[in-house]
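> Right, I'll just put the structure down here and ask away after.
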Amino acid sequence: MRVKVACATLLIVVVLLMLEHSTNAEKQQQHGIGIKKSSLLLDPTNEIKPTKLRKTGRQRLNPPRITTETTVMEPVRTTPLPVVPYKPEIISHSLDVLFMIDRSSTLDVGLQATKCLLHNLTSYFDVAYYKKVRMALMSLDTNDKLDFSFRRYQDDYGYERAIEILDTREGVDNYVGRALTYAHDIVLDPKGGQAARPNVAKVVVVILGSPSKDAIGEAARRLLSQPYLITVAVGHSDALQRELYAIAGDASGVIFADSIEHICDMWPKIHRSMLERLRGLYIRPLSPLKGFRLGMAREDMVEVAWKRPSDLVNYYIVRYRPSKMGPIDTYQNFTINIGREGAVQLPNLEKTEYVVQVRAYGLNQTSPTYSMKFNMACAGVKLDIILVFDTSMLTDDQFDLARNDFLSSFVNGFLIDSETTRVGIILYAEEARYVAPLSTYTEKSELLWRVNELDHDVGLRNTGAALNFAYFHGFEYSRRDVLKMVVVVTSGKSSDDVTRAAERLKNDDTLLFHVGVDMDTSEEDREIYASQPDNKFYYPVSSYMELGSIQIDLSKTICEEAFNYYNTLDPPLTPPRNVQIDDVQNTSFKVTWVIDDSELVTGYELSNNVTNATYLLGKRRRSFMLIEMLPGHYYNISICTKGYRKSSPKVYVSTKTELLAPVDVTAEELTPKMINIEWASPSVAVIQYKVSLLFRQSGQVLKALYTFETNHLLNTSIIMLGTQYEVQVRAIYPDDYESGPASAYITTDLPIPEEFQMAQKDETKIQLIWKRLDFKQHSTKHFLTYAVKIYDEYGNLIASDVLFHNSSSPFSREKNLDQFLYTWIQNLTPGRQYNATLQACLHGLTSKLMMIEFVTRRIGLPIDIAILVEISPTLQYQEVIATRDFLRNFVTSFDVENPANVRMTMMQLSNRPSRKFSMNESTNRSMIMSHLNTLTPVPGSSILSPEKFMYTLETAFEDSRSGIPRIMLLLMTNQHYSNLMPESDNELSDRGITSIVVQMAHAAESPFSKCQPSVNQSCIAMCWEDSISSTTQFIMSSLTLCAPRCSRWSASHASGS
């Protein structure tokens, strides 16, 4: 028995293992797992089937499917490991990607797998020519040639087509070292002609399937030495791991596929490796910007330039502002794209000092901010400058560098013309050559052209002879009363004597600047070469490559020395005239002046002699606003003219700032003891506010307090009702300066009556009650009254009543109502909606309205009503509508839903009277209203006889109830009711019918001429030429009064019958 059980158990286990093996084999076959190495056949469709991929609209490709003859079964995992799907990130910033692929394999499956890999990788590149990702592709064989360069394609379609048309190359070998060298020297170099971009990160993806035929170590090291380049090495088949590590640099950049057909499956790992390595590049800090130069383009514009950095810079932010111009002393910002740093223009500048800041921005980092100052007044300064430049030891490359970086930028730093600054250039070695005379090149463009054409001599360094040449020939055509300057650039000891030549220039009031290039100049030599103090006129630099770095400081010193010279010349400049102060506020005021135009004027110096603040203003200014002043303070202002002469005498003017009071003061009574006060601040300089409450008539201050807010809840028991008050708010400024008051006036209101409600309700009357007012300063001597008004749903006044405060209270056994007042409102229409208002009145003051809504009770007596209506064709449309409204209001007044109470029927009179609805149908109010809405004029009522009328009446009451009062409502719109009604009242009373007649009056006949109402008849002849609905209230009141009498009569009449 045990053997049988064991065998059965073993059989079950075997079956389960076979089923699991079969299932795994099917899954592996579906995923292309288990490949016979002797058979590598592509899918018969010979296609790479695309699958939809993400939002860019491009497609990710599946690897080529491989047919299999046998299946190699993997070990069965009882607990599969969780797989986290990789979510690739789209690369959308600037990036140059070079693919280097192995095409030495003769198997087409390898090329197809490589294409699949390239398609999937490029699907996550945001391709935009010049702005974002660009790609190039080359092979690893001996052919130093690109399949396509970085400039070849500009969109997704171009790259997809280029990858798709790649073909195999038979008989080629991999020369990876040579290919890497070509990529480094040509493809990835911005100057190599393949459109690689500077300041853009580079990615090199090498796909290798076989060993290289040449050494790759040195070429790989050169490639990896590039600061902003990363490599990813993808290996398969027979690729050597040491070569892959040499290309990638470390293991993080190596991805290996176990077979050639699995290359496409490696794209997520390659993508992840690229992103991780790129992040390392983008977190590198940006270097400080260098090589700044400043050029004067116009009298109101400068050009700022700097060297393009090698870092991964995307753009720059340039900010500039006047350094001392008060309220406009704020930065103006603008963005400069990479590659535009050669000439950034700052236009519309004043003739004053400016500060400029420049910062570079990368993907994640920013460079340190570079800051410099310049004075736009230098644009018009009059100078004769000769640049004496030593070329004795310069090579051609050094001279080209000095010419481009220093000579051109030095000339560009001045606004050159025949009236302002002129620059001459002397090149010297053993002899001096006047290559650009002062009087010849008086236009900047011509002088810059001449600088670009210069060549140089070498030999002995005769600096003394060059300075003598400048003295005798250089300034031969210099201008009178114009400051002369000489800038000497030399790189070593002179071969001749310099002392006499330098002293001759200094004695001729010529300022001498010395630029020493890579020379150890002693203090004695500095005294010879440069004017004193030598710390201002001597500029040492380490090499000719650094000459350009001193251009801004050298030009600034030249400008400062020019102004120091001209500010000593007589006569002084003319001072401003008509200096005035306008628009005085609490924290600001404006200074204005007038002056005649002059070429000697460069601007104005305005000083606040209280705060010691000084503002340098441009030449075009004729007014200036001083802000951030203290309210209520005196200020003394001085202004003088600045320019190419002694400054003018100062002109003084004084003013006192205002103390602005709060604005928009409002006061609102919230409760009898609370007033809400609000206002707006007049200035940010206010430190607190003073709030006062006064009697308006006497001005007596009742309460004063201080607050830091712009609103306050004044809660006090001293407020009296019906009294006029003044609320004053004052602003308190620093140093306890107090503004004048800003006032708001308020008359306190009466309290609103409380607990206004409907106590009792009837068909035509209601009882309203409310609580008596009880407040301070009120006594029975005051004529406090309460006004009650009733309005219908159309807003028409229906009823009103006025009660005194000491009127009697309502009676109630349930609760104490001694503090309440009441009133009865009568003659209302049953079943109608009304609005009741209540308002307290005292000494001409009124409280706010209290309003409630109510609906009167419908008539619920046991009554049978027959409505006989004549609607004449002679009625106008508005009269027909009014008739319908009257009937609707009439029906609404009765409780027809309860069949034990009111029942109705309606007959429309004509030569053939018709029933609209019977009494048995009248419990359906919606049906009744529907019939009333469709009433239309019908002819023939004029020929209706009294006999037929009585027959119609009997027909209307044929289903009436016994012992129930009967009421007939006769509505006549054309003929007189007497033409139909019986002459004797007994004819109706004998039938237990009480009649109500509504007659439309005619202009020629009084409607009451034939009206003789009896005990059982209400004759109501009304004129409704304007609106018949206005009669509803009167009819309903009459009906209510009549109903009990009719009920008693009908009961006795019924019993008599």
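Here, A, B, ... name the chains of the structure tokens in the order displayed, residue numbers run from 1 inside each chain, and ligands are numbered from 1 in the same displayed order.
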Report as a list in words all protein, DNA and RNA residues lying within 12 Å of Arg504 in chain A, evaluated on only C-alpha atoms, omitting residues in the same chain fewer than 3 positions from it.
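The residues satisfying every condition are Gly464, Leu467, Asn468, Phe469, Ala470, Tyr471, Phe472, Val498, Thr499, Arg500, Ala501, Asn507, Asp508, Asp509, Thr510, Leu511, Leu512, Ile528, Tyr529 and Ser531 of chain A.
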> Save the residues we just selected, N, CA and C atoms, as an mmCIF file, in the first residue's frame?

data_model
loop_
_atom_site.group_PDB
_atom_site.id
_atom_site.type_symbol
_atom_site.label_atom_id
_atom_site.label_comp_id
_atom_site.auth_asym_id
_atom_site.auth_seq_id
_atom_site.Cartn_x
_atom_site.Cartn_y
_atom_site.Cartn_z
ATOM 1 N N GLY A 464 64.747 105.033 -25.909
ATOM 2 C CA GLY A 464 65.010 106.463 -25.819
ATOM 3 C C GLY A 464 64.790 107.156 -27.141
ATOM 4 N N LEU A 467 61.126 107.549 -27.844
ATOM 5 C CA LEU A 467 60.473 108.633 -27.096
ATOM 6 C C LEU A 467 60.853 109.985 -27.680
ATOM 7 N N ASN A 468 62.105 110.118 -28.122
ATOM 8 C CA ASN A 468 62.503 111.357 -28.792
ATOM 9 C C ASN A 468 61.722 111.554 -30.087
ATOM 10 N N PHE A 469 61.513 110.453 -30.796
ATOM 11 C CA PHE A 469 60.726 110.540 -32.028
ATOM 12 C C PHE A 469 59.308 111.003 -31.715
ATOM 13 N N ALA A 470 58.728 110.517 -30.657
ATOM 14 C CA ALA A 470 57.382 110.939 -30.268
ATOM 15 C C ALA A 470 57.378 112.422 -29.909
ATOM 16 N N TYR A 471 58.428 112.887 -29.247
ATOM 17 C CA TYR A 471 58.464 114.299 -28.834
ATOM 18 C C TYR A 471 58.590 115.217 -30.046
ATOM 19 N N PHE A 472 59.531 114.902 -30.970
ATOM 20 C CA PHE A 472 59.796 115.811 -32.082
ATOM 21 C C PHE A 472 58.829 115.644 -33.246
ATOM 22 N N VAL A 498 67.223 106.457 -21.843
ATOM 23 C CA VAL A 498 65.817 106.807 -21.858
ATOM 24 C C VAL A 498 65.536 108.049 -21.030
ATOM 25 N N THR A 499 66.424 108.365 -20.103
ATOM 26 C CA THR A 499 66.142 109.386 -19.094
ATOM 27 C C THR A 499 65.866 110.738 -19.725
ATOM 28 N N ARG A 500 66.739 111.217 -20.617
ATOM 29 C CA ARG A 500 66.558 112.552 -21.181
ATOM 30 C C ARG A 500 65.290 112.636 -22.017
ATOM 31 N N ALA A 501 65.053 111.618 -22.806
ATOM 32 C CA ALA A 501 63.852 111.643 -23.650
ATOM 33 C C ALA A 501 62.591 111.660 -22.801
ATOM 34 N N ASN A 507 58.449 117.340 -19.076
ATOM 35 C CA ASN A 507 58.552 118.794 -18.943
ATOM 36 C C ASN A 507 57.649 119.521 -19.921
ATOM 37 N N ASP A 508 57.223 118.809 -20.951
ATOM 38 C CA ASP A 508 56.309 119.404 -21.935
ATOM 39 C C ASP A 508 54.846 119.123 -21.563
ATOM 40 N N ASP A 509 54.603 118.830 -20.274
ATOM 41 C CA ASP A 509 53.254 118.533 -19.752
ATOM 42 C C ASP A 509 52.607 117.342 -20.454
ATOM 43 N N THR A 510 53.426 116.394 -20.819
ATOM 44 C CA THR A 510 52.932 115.147 -21.407
ATOM 45 C C THR A 510 52.934 114.059 -20.326
ATOM 46 N N LEU A 511 51.807 113.419 -20.151
ATOM 47 C CA LEU A 511 51.712 112.314 -19.202
ATOM 48 C C LEU A 511 52.274 111.049 -19.825
ATOM 49 N N LEU A 512 53.109 110.333 -19.062
ATOM 50 C CA LEU A 512 53.805 109.172 -19.580
ATOM 51 C C LEU A 512 53.337 107.932 -18.827
ATOM 52 N N ILE A 528 61.656 106.728 -14.133
ATOM 53 C CA ILE A 528 62.121 107.269 -15.410
ATOM 54 C C ILE A 528 61.040 107.131 -16.473
ATOM 55 N N TYR A 529 60.456 105.932 -16.569
ATOM 56 C CA TYR A 529 59.520 105.648 -17.648
ATOM 57 C C TYR A 529 58.146 106.281 -17.441
ATOM 58 N N SER A 531 55.100 108.749 -15.410
ATOM 59 C CA SER A 531 54.828 109.951 -14.625
ATOM 60 C C SER A 531 54.542 109.542 -13.183
#
> Restrict the calculation to only C-alpha atoms, then for each residue of range 200-263 of chain A with any atom at most 10 Å from an atom of range 90-99 of chain A give the closest atom pair and their distance in Å to one decimal, rows by chain and rising residue number, as JSON lines.

{"residue": "A:Val200", "atom": "CA", "partner": "A:Leu95", "partner_atom": "CA", "distance": 5.7}
{"residue": "A:Ala201", "atom": "CA", "partner": "A:Leu95", "partner_atom": "CA", "distance": 5.3}
{"residue": "A:Lys202", "atom": "CA", "partner": "A:Asp96", "partner_atom": "CA", "distance": 4.9}
{"residue": "A:Val203", "atom": "CA", "partner": "A:Val97", "partner_atom": "CA", "distance": 4.7}
{"residue": "A:Val204", "atom": "CA", "partner": "A:Leu98", "partner_atom": "CA", "distance": 4.8}
{"residue": "A:Val205", "atom": "CA", "partner": "A:Phe99", "partner_atom": "CA", "distance": 4.9}
{"residue": "A:Val206", "atom": "CA", "partner": "A:Phe99", "partner_atom": "CA", "distance": 6.1}
{"residue": "A:Ile207", "atom": "CA", "partner": "A:Phe99", "partner_atom": "CA", "distance": 7.8}
{"residue": "A:Leu229", "atom": "CA", "partner": "A:Asp96", "partner_atom": "CA", "distance": 9.5}
{"residue": "A:Ile230", "atom": "CA", "partner": "A:Val97", "partner_atom": "CA", "distance": 9.8}
{"residue": "A:Thr231", "atom": "CA", "partner": "A:Leu98", "partner_atom": "CA", "distance": 9.5}
{"residue": "A:Val232", "atom": "CA", "partner": "A:Phe99", "partner_atom": "CA", "distance": 9.8}
> Interatomic distance between CA of Arg858 in chain A and CA of Leu969 in chain A?
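Taking CA of Arg858 in chain A as the start and CA of Leu969 in chain A as the end point, the length is 17.7 Å.
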> Residues within 9 Å of Leu842 in chain A, please, as number ranges by chain. Count only C-alpha atoms; anything in the same chain fewer than 6 positions from it doesn't count.
A: 722, 750, 782-785
> Compare A:Ser743, A:Ser259, A:Asn375, A:Asn911 by their minimum atom-to-atom distance to Glu870 in chain A, counting only C-alpha atoms, and give me the closest one.
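Among A:Ser743, A:Ser259, A:Asn375, A:Asn911, it is A:Asn911 that comes nearest to Glu870 in chain A.
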> Compile a residue-level contact table for range 577-668 of chain A against range 549-568 of chain A at a cut-off of 9 Å, reporting for every qualifying residue the shortest atom pair and its distance in Å to one decimal, with only C-alpha atoms counted, rows ordered by chain and ascending number, as JSON lines.

{"residue": "A:Lys642", "atom": "CA", "partner": "A:Asn567", "partner_atom": "CA", "distance": 8.4}
{"residue": "A:Gly643", "atom": "CA", "partner": "A:Asn567", "partner_atom": "CA", "distance": 7.3}
{"residue": "A:Tyr644", "atom": "CA", "partner": "A:Tyr566", "partner_atom": "CA", "distance": 4.9}
{"residue": "A:Arg645", "atom": "CA", "partner": "A:Asn567", "partner_atom": "CA", "distance": 4.6}
{"residue": "A:Lys646", "atom": "CA", "partner": "A:Asn567", "partner_atom": "CA", "distance": 4.2}
{"residue": "A:Ser647", "atom": "CA", "partner": "A:Asn567", "partner_atom": "CA", "distance": 6.6}
> Go ahead and save the residues from that selection, with N, CA and C atoms, as a JSON list (two decimals), in the first residue's frame.

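Saved the output as out05.json:
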[["chain", "number", "residue", "atom", "x", "y", "z"],
["A", 642, "LYS", "N", 29.68, 119.93, -14.16],
["A", 642, "LYS", "CA", 30.96, 119.23, -14.32],
["A", 642, "LYS", "C", 31.28, 119.13, -15.80],
["A", 643, "GLY", "N", 32.58, 119.12, -16.12],
["A", 643, "GLY", "CA", 32.97, 118.98, -17.51],
["A", 643, "GLY", "C", 34.45, 119.18, -17.70],
["A", 644, "TYR", "N", 34.82, 119.71, -18.90],
["A", 644, "TYR", "CA", 36.22, 119.86, -19.28],
["A", 644, "TYR", "C", 36.78, 121.21, -18.86],
["A", 645, "ARG", "N", 36.36, 121.70, -17.73],
["A", 645, "ARG", "CA", 36.87, 122.90, -17.09],
["A", 645, "ARG", "C", 36.68, 122.72, -15.60],
["A", 646, "LYS", "N", 37.08, 123.76, -14.87],
["A", 646, "LYS", "CA", 36.77, 123.75, -13.45],
["A", 646, "LYS", "C", 35.26, 123.64, -13.24],
["A", 647, "SER", "N", 34.90, 122.92, -12.21],
["A", 647, "SER", "CA", 33.47, 122.80, -11.91],
["A", 647, "SER", "C", 32.90, 124.16, -11.56]]
> How many Å separate CA of Gln532 in chain A from CA of Glu419 in chain A?
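If I compute the distance from CA of Gln532 in chain A to CA of Glu419 in chain A, I get 28.2 Å.
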> Residues within 7 Å of range 351-366 of chain A, please, as a list in words. Count only C-alpha atoms; anything in the same chain fewer than 6 positions from it doesn't count.
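The residues satisfying every condition are Tyr282, Ile283, Pro285, Leu286, Leu312, Val313, Asn314, Tyr315, Tyr316, Ile317, Val318, Arg319, Tyr320, Arg321, Pro322, Ser323, Met372, Lys373, Phe374, Asn375, Met376, Ala377, Thr602, Gly603, Leu616, Leu617, Gly618 and Lys619 of chain A.
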> Using DSSP assignments from the backbone, pull out every residue in range 360-483 of chain A that falls under alpha helix (DSSP H) and give it to me as a VMD selection string.
chain A and resid 396 to 402 408 to 412 444 to 452 463 to 469
> Let me see the file: selected residues, N, CA, C and O atoms, as an mmCIF file, in the first residue's frame.

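Wrote out-v1.cif, looks like this:
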data_model
loop_
_atom_site.group_PDB
_atom_site.id
_atom_site.type_symbol
_atom_site.label_atom_id
_atom_site.label_comp_id
_atom_site.auth_asym_id
_atom_site.auth_seq_id
_atom_site.Cartn_x
_atom_site.Cartn_y
_atom_site.Cartn_z
ATOM 1 N N ASP A 396 56.382 86.570 -35.045
ATOM 2 C CA ASP A 396 55.180 86.925 -35.813
ATOM 3 C C ASP A 396 53.913 86.598 -35.027
ATOM 4 O O ASP A 396 52.957 87.388 -35.018
ATOM 5 N N ASP A 397 53.894 85.436 -34.388
ATOM 6 C CA ASP A 397 52.695 85.057 -33.619
ATOM 7 C C ASP A 397 52.479 85.992 -32.449
ATOM 8 O O ASP A 397 51.328 86.371 -32.140
ATOM 9 N N GLN A 398 53.552 86.375 -31.772
ATOM 10 C CA GLN A 398 53.407 87.302 -30.643
ATOM 11 C C GLN A 398 52.906 88.662 -31.101
ATOM 12 O O GLN A 398 52.082 89.286 -30.427
ATOM 13 N N PHE A 399 53.407 89.123 -32.262
ATOM 14 C CA PHE A 399 52.944 90.423 -32.734
ATOM 15 C C PHE A 399 51.467 90.359 -33.152
ATOM 16 O O PHE A 399 50.702 91.297 -32.881
ATOM 17 N N ASP A 400 51.090 89.268 -33.822
ATOM 18 C CA ASP A 400 49.674 89.129 -34.189
ATOM 19 C C ASP A 400 48.788 89.123 -32.947
ATOM 20 O O ASP A 400 47.713 89.739 -32.936
ATOM 21 N N LEU A 401 49.250 88.436 -31.905
ATOM 22 C CA LEU A 401 48.474 88.399 -30.674
ATOM 23 C C LEU A 401 48.391 89.779 -30.039
ATOM 24 O O LEU A 401 47.315 90.214 -29.605
ATOM 25 N N ALA A 402 49.514 90.487 -29.995
ATOM 26 C CA ALA A 402 49.512 91.827 -29.404
ATOM 27 C C ALA A 402 48.679 92.794 -30.230
ATOM 28 O O ALA A 402 47.985 93.667 -29.681
ATOM 29 N N SER A 408 44.299 96.811 -31.070
ATOM 30 C CA SER A 408 42.930 97.071 -31.535
ATOM 31 C C SER A 408 42.015 97.452 -30.374
ATOM 32 O O SER A 408 41.205 98.383 -30.487
ATOM 33 N N SER A 409 42.098 96.731 -29.247
ATOM 34 C CA SER A 409 41.226 97.043 -28.111
ATOM 35 C C SER A 409 41.576 98.396 -27.500
ATOM 36 O O SER A 409 40.689 99.112 -27.009
ATOM 37 N N PHE A 410 42.880 98.774 -27.517
ATOM 38 C CA PHE A 410 43.261 100.086 -27.005
ATOM 39 C C PHE A 410 42.635 101.190 -27.847
ATOM 40 O O PHE A 410 42.081 102.166 -27.318
ATOM 41 N N VAL A 411 42.711 101.052 -29.175
ATOM 42 C CA VAL A 411 42.101 102.049 -30.057
ATOM 43 C C VAL A 411 40.587 102.064 -29.881
ATOM 44 O O VAL A 411 39.962 103.128 -29.846
ATOM 45 N N ASN A 412 39.972 100.894 -29.720
ATOM 46 C CA ASN A 412 38.516 100.800 -29.601
ATOM 47 C C ASN A 412 38.001 101.392 -28.291
ATOM 48 O O ASN A 412 36.807 101.689 -28.158
ATOM 49 N N LYS A 444 37.788 106.207 -36.245
ATOM 50 C CA LYS A 444 38.135 104.929 -35.610
ATOM 51 C C LYS A 444 38.211 103.799 -36.624
ATOM 52 O O LYS A 444 39.099 102.943 -36.548
ATOM 53 N N SER A 445 37.253 103.737 -37.560
ATOM 54 C CA SER A 445 37.250 102.644 -38.533
ATOM 55 C C SER A 445 38.527 102.655 -39.363
ATOM 56 O O SER A 445 39.100 101.593 -39.648
ATOM 57 N N GLU A 446 39.018 103.844 -39.747
ATOM 58 C CA GLU A 446 40.245 103.922 -40.535
ATOM 59 C C GLU A 446 41.458 103.506 -39.704
ATOM 60 O O GLU A 446 42.348 102.797 -40.197
ATOM 61 N N LEU A 447 41.466 103.917 -38.444
ATOM 62 C CA LEU A 447 42.603 103.571 -37.596
ATOM 63 C C LEU A 447 42.634 102.072 -37.312
ATOM 64 O O LEU A 447 43.709 101.454 -37.310
ATOM 65 N N LEU A 448 41.469 101.451 -37.091
ATOM 66 C CA LEU A 448 41.424 100.009 -36.864
ATOM 67 C C LEU A 448 41.865 99.253 -38.114
ATOM 68 O O LEU A 448 42.528 98.208 -38.019
ATOM 69 N N TRP A 449 41.472 99.761 -39.268
ATOM 70 C CA TRP A 449 41.939 99.131 -40.522
ATOM 71 C C TRP A 449 43.458 99.206 -40.622
ATOM 72 O O TRP A 449 44.113 98.228 -40.997
ATOM 73 N N ARG A 450 44.022 100.356 -40.236
ATOM 74 C CA ARG A 450 45.482 100.525 -40.296
ATOM 75 C C ARG A 450 46.183 99.586 -39.317
ATOM 76 O O ARG A 450 47.225 98.992 -39.651
ATOM 77 N N VAL A 451 45.615 99.406 -38.141
ATOM 78 C CA VAL A 451 46.218 98.502 -37.154
ATOM 79 C C VAL A 451 46.268 97.079 -37.697
ATOM 80 O O VAL A 451 47.258 96.355 -37.519
ATOM 81 N N ASN A 452 45.210 96.648 -38.371
ATOM 82 C CA ASN A 452 45.186 95.286 -38.914
ATOM 83 C C ASN A 452 46.201 95.083 -40.030
ATOM 84 O O ASN A 452 46.533 93.935 -40.376
ATOM 85 N N THR A 463 64.522 102.434 -26.878
ATOM 86 C CA THR A 463 63.338 103.091 -26.320
ATOM 87 C C THR A 463 63.543 104.588 -26.244
ATOM 88 O O THR A 463 62.612 105.371 -26.482
ATOM 89 N N GLY A 464 64.747 105.033 -25.909
ATOM 90 C CA GLY A 464 65.010 106.463 -25.819
ATOM 91 C C GLY A 464 64.790 107.156 -27.141
ATOM 92 O O GLY A 464 64.179 108.238 -27.208
ATOM 93 N N ALA A 465 65.307 106.544 -28.233
ATOM 94 C CA ALA A 465 65.123 107.131 -29.558
ATOM 95 C C ALA A 465 63.646 107.180 -29.922
ATOM 96 O O ALA A 465 63.174 108.150 -30.557
ATOM 97 N N ALA A 466 62.876 106.159 -29.543
ATOM 98 C CA ALA A 466 61.441 106.150 -29.848
ATOM 99 C C ALA A 466 60.713 107.264 -29.113
ATOM 100 O O ALA A 466 59.820 107.920 -29.670
ATOM 101 N N LEU A 467 61.126 107.549 -27.844
ATOM 102 C CA LEU A 467 60.473 108.633 -27.096
ATOM 103 C C LEU A 467 60.853 109.985 -27.680
ATOM 104 O O LEU A 467 60.016 110.908 -27.734
ATOM 105 N N ASN A 468 62.105 110.118 -28.122
ATOM 106 C CA ASN A 468 62.503 111.357 -28.792
ATOM 107 C C ASN A 468 61.722 111.554 -30.087
ATOM 108 O O ASN A 468 61.319 112.676 -30.420
ATOM 109 N N PHE A 469 61.513 110.453 -30.796
ATOM 110 C CA PHE A 469 60.726 110.540 -32.028
ATOM 111 C C PHE A 469 59.308 111.003 -31.715
ATOM 112 O O PHE A 469 58.713 111.808 -32.452
#
> So which residues of range 494-644 of chain A fall under strand (DSSP E) by DSSP, listed as an NGL selection string?
:A and (510-517 or 538-541 or 577-582 or 589-594 or 601-608 or 613-618 or 623-626 or 634-643)
> Contacts of Ala840 in chain A at 8 Å or less, counting only C-alpha atoms, minus same-chain residues fewer than 6 places along, as a PyMOL selection string?
chain A and resi 750-753+784-787+846-848
> Based on the selection just made, write N, CA, C and O atoms of those residues as a PDB file, in the first residue's frame.

ATOM      1  N   LEU A 750     -29.877 103.471  14.503  1.00  0.00           N
ATOM      2  CA  LEU A 750     -30.728 102.791  15.470  1.00  0.00           C
ATOM      3  C   LEU A 750     -30.478 101.296  15.398  1.00  0.00           C
ATOM      4  O   LEU A 750     -30.173 100.763  14.324  1.00  0.00           O
ATOM      5  N   PRO A 751     -30.643 100.596  16.522  1.00  0.00           N
ATOM      6  CA  PRO A 751     -30.511  99.136  16.457  1.00  0.00           C
ATOM      7  C   PRO A 751     -31.614  98.537  15.595  1.00  0.00           C
ATOM      8  O   PRO A 751     -32.688  99.114  15.418  1.00  0.00           O
ATOM      9  N   ILE A 752     -31.343  97.387  15.079  1.00  0.00           N
ATOM     10  CA  ILE A 752     -32.321  96.677  14.268  1.00  0.00           C
ATOM     11  C   ILE A 752     -33.237  95.880  15.199  1.00  0.00           C
ATOM     12  O   ILE A 752     -32.750  95.156  16.070  1.00  0.00           O
ATOM     13  N   PRO A 753     -34.541  96.022  15.064  1.00  0.00           N
ATOM     14  CA  PRO A 753     -35.443  95.209  15.896  1.00  0.00           C
ATOM     15  C   PRO A 753     -35.159  93.724  15.706  1.00  0.00           C
ATOM     16  O   PRO A 753     -34.923  93.249  14.593  1.00  0.00           O
ATOM     17  N   LEU A 784     -40.042 106.923  19.846  1.00  0.00           N
ATOM     18  CA  LEU A 784     -39.557 105.751  19.127  1.00  0.00           C
ATOM     19  C   LEU A 784     -40.750 104.995  18.571  1.00  0.00           C
ATOM     20  O   LEU A 784     -41.655 104.614  19.308  1.00  0.00           O
ATOM     21  N   THR A 785     -40.781 104.806  17.279  1.00  0.00           N
ATOM     22  CA  THR A 785     -41.883 104.108  16.623  1.00  0.00           C
ATOM     23  C   THR A 785     -41.337 102.986  15.770  1.00  0.00           C
ATOM     24  O   THR A 785     -40.140 102.915  15.485  1.00  0.00           O
ATOM     25  N   TYR A 786     -42.281 102.102  15.365  1.00  0.00           N
ATOM     26  CA  TYR A 786     -41.932 100.963  14.526  1.00  0.00           C
ATOM     27  C   TYR A 786     -42.868 100.966  13.325  1.00  0.00           C
ATOM     28  O   TYR A 786     -44.089 101.012  13.480  1.00  0.00           O
ATOM     29  N   ALA A 787     -42.313 100.946  12.135  1.00  0.00           N
ATOM     30  CA  ALA A 787     -43.095 100.967  10.897  1.00  0.00           C
ATOM     31  C   ALA A 787     -43.115  99.575  10.282  1.00  0.00           C
ATOM     32  O   ALA A 787     -42.059  98.977  10.037  1.00  0.00           O
ATOM     33  N   THR A 846     -33.669 106.238  10.984  1.00  0.00           N
ATOM     34  CA  THR A 846     -34.311 104.943  10.779  1.00  0.00           C
ATOM     35  C   THR A 846     -33.265 103.847  10.868  1.00  0.00           C
ATOM     36  O   THR A 846     -32.100 104.046  10.480  1.00  0.00           O
ATOM     37  N   SER A 847     -33.682 102.710  11.385  1.00  0.00           N
ATOM     38  CA  SER A 847     -32.794 101.551  11.453  1.00  0.00           C
ATOM     39  C   SER A 847     -32.799 100.822  10.112  1.00  0.00           C
ATOM     40  O   SER A 847     -33.566 101.151   9.207  1.00  0.00           O
ATOM     41  N   LYS A 848     -31.966  99.833  10.022  1.00  0.00           N
ATOM     42  CA  LYS A 848     -31.979  98.987   8.836  1.00  0.00           C
ATOM     43  C   LYS A 848     -33.254  98.148   8.828  1.00  0.00           C
ATOM     44  O   LYS A 848     -33.829  97.857   9.864  1.00  0.00           O
TER      45      LYS A 848
END
> In Å, rounded to a single decimal, give me how far CA of Asn835 in chain A is from CA of Gly795 in chain A.
8.4 Å
> Which residue, A:Ala685, A:Ile790, A:Val435, A:Leu547, has the smallest gap to Thr490 in chain A when you use only C-alpha atoms?
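Among the listed residues, the smallest separation from Thr490 in chain A belongs to A:Leu547.
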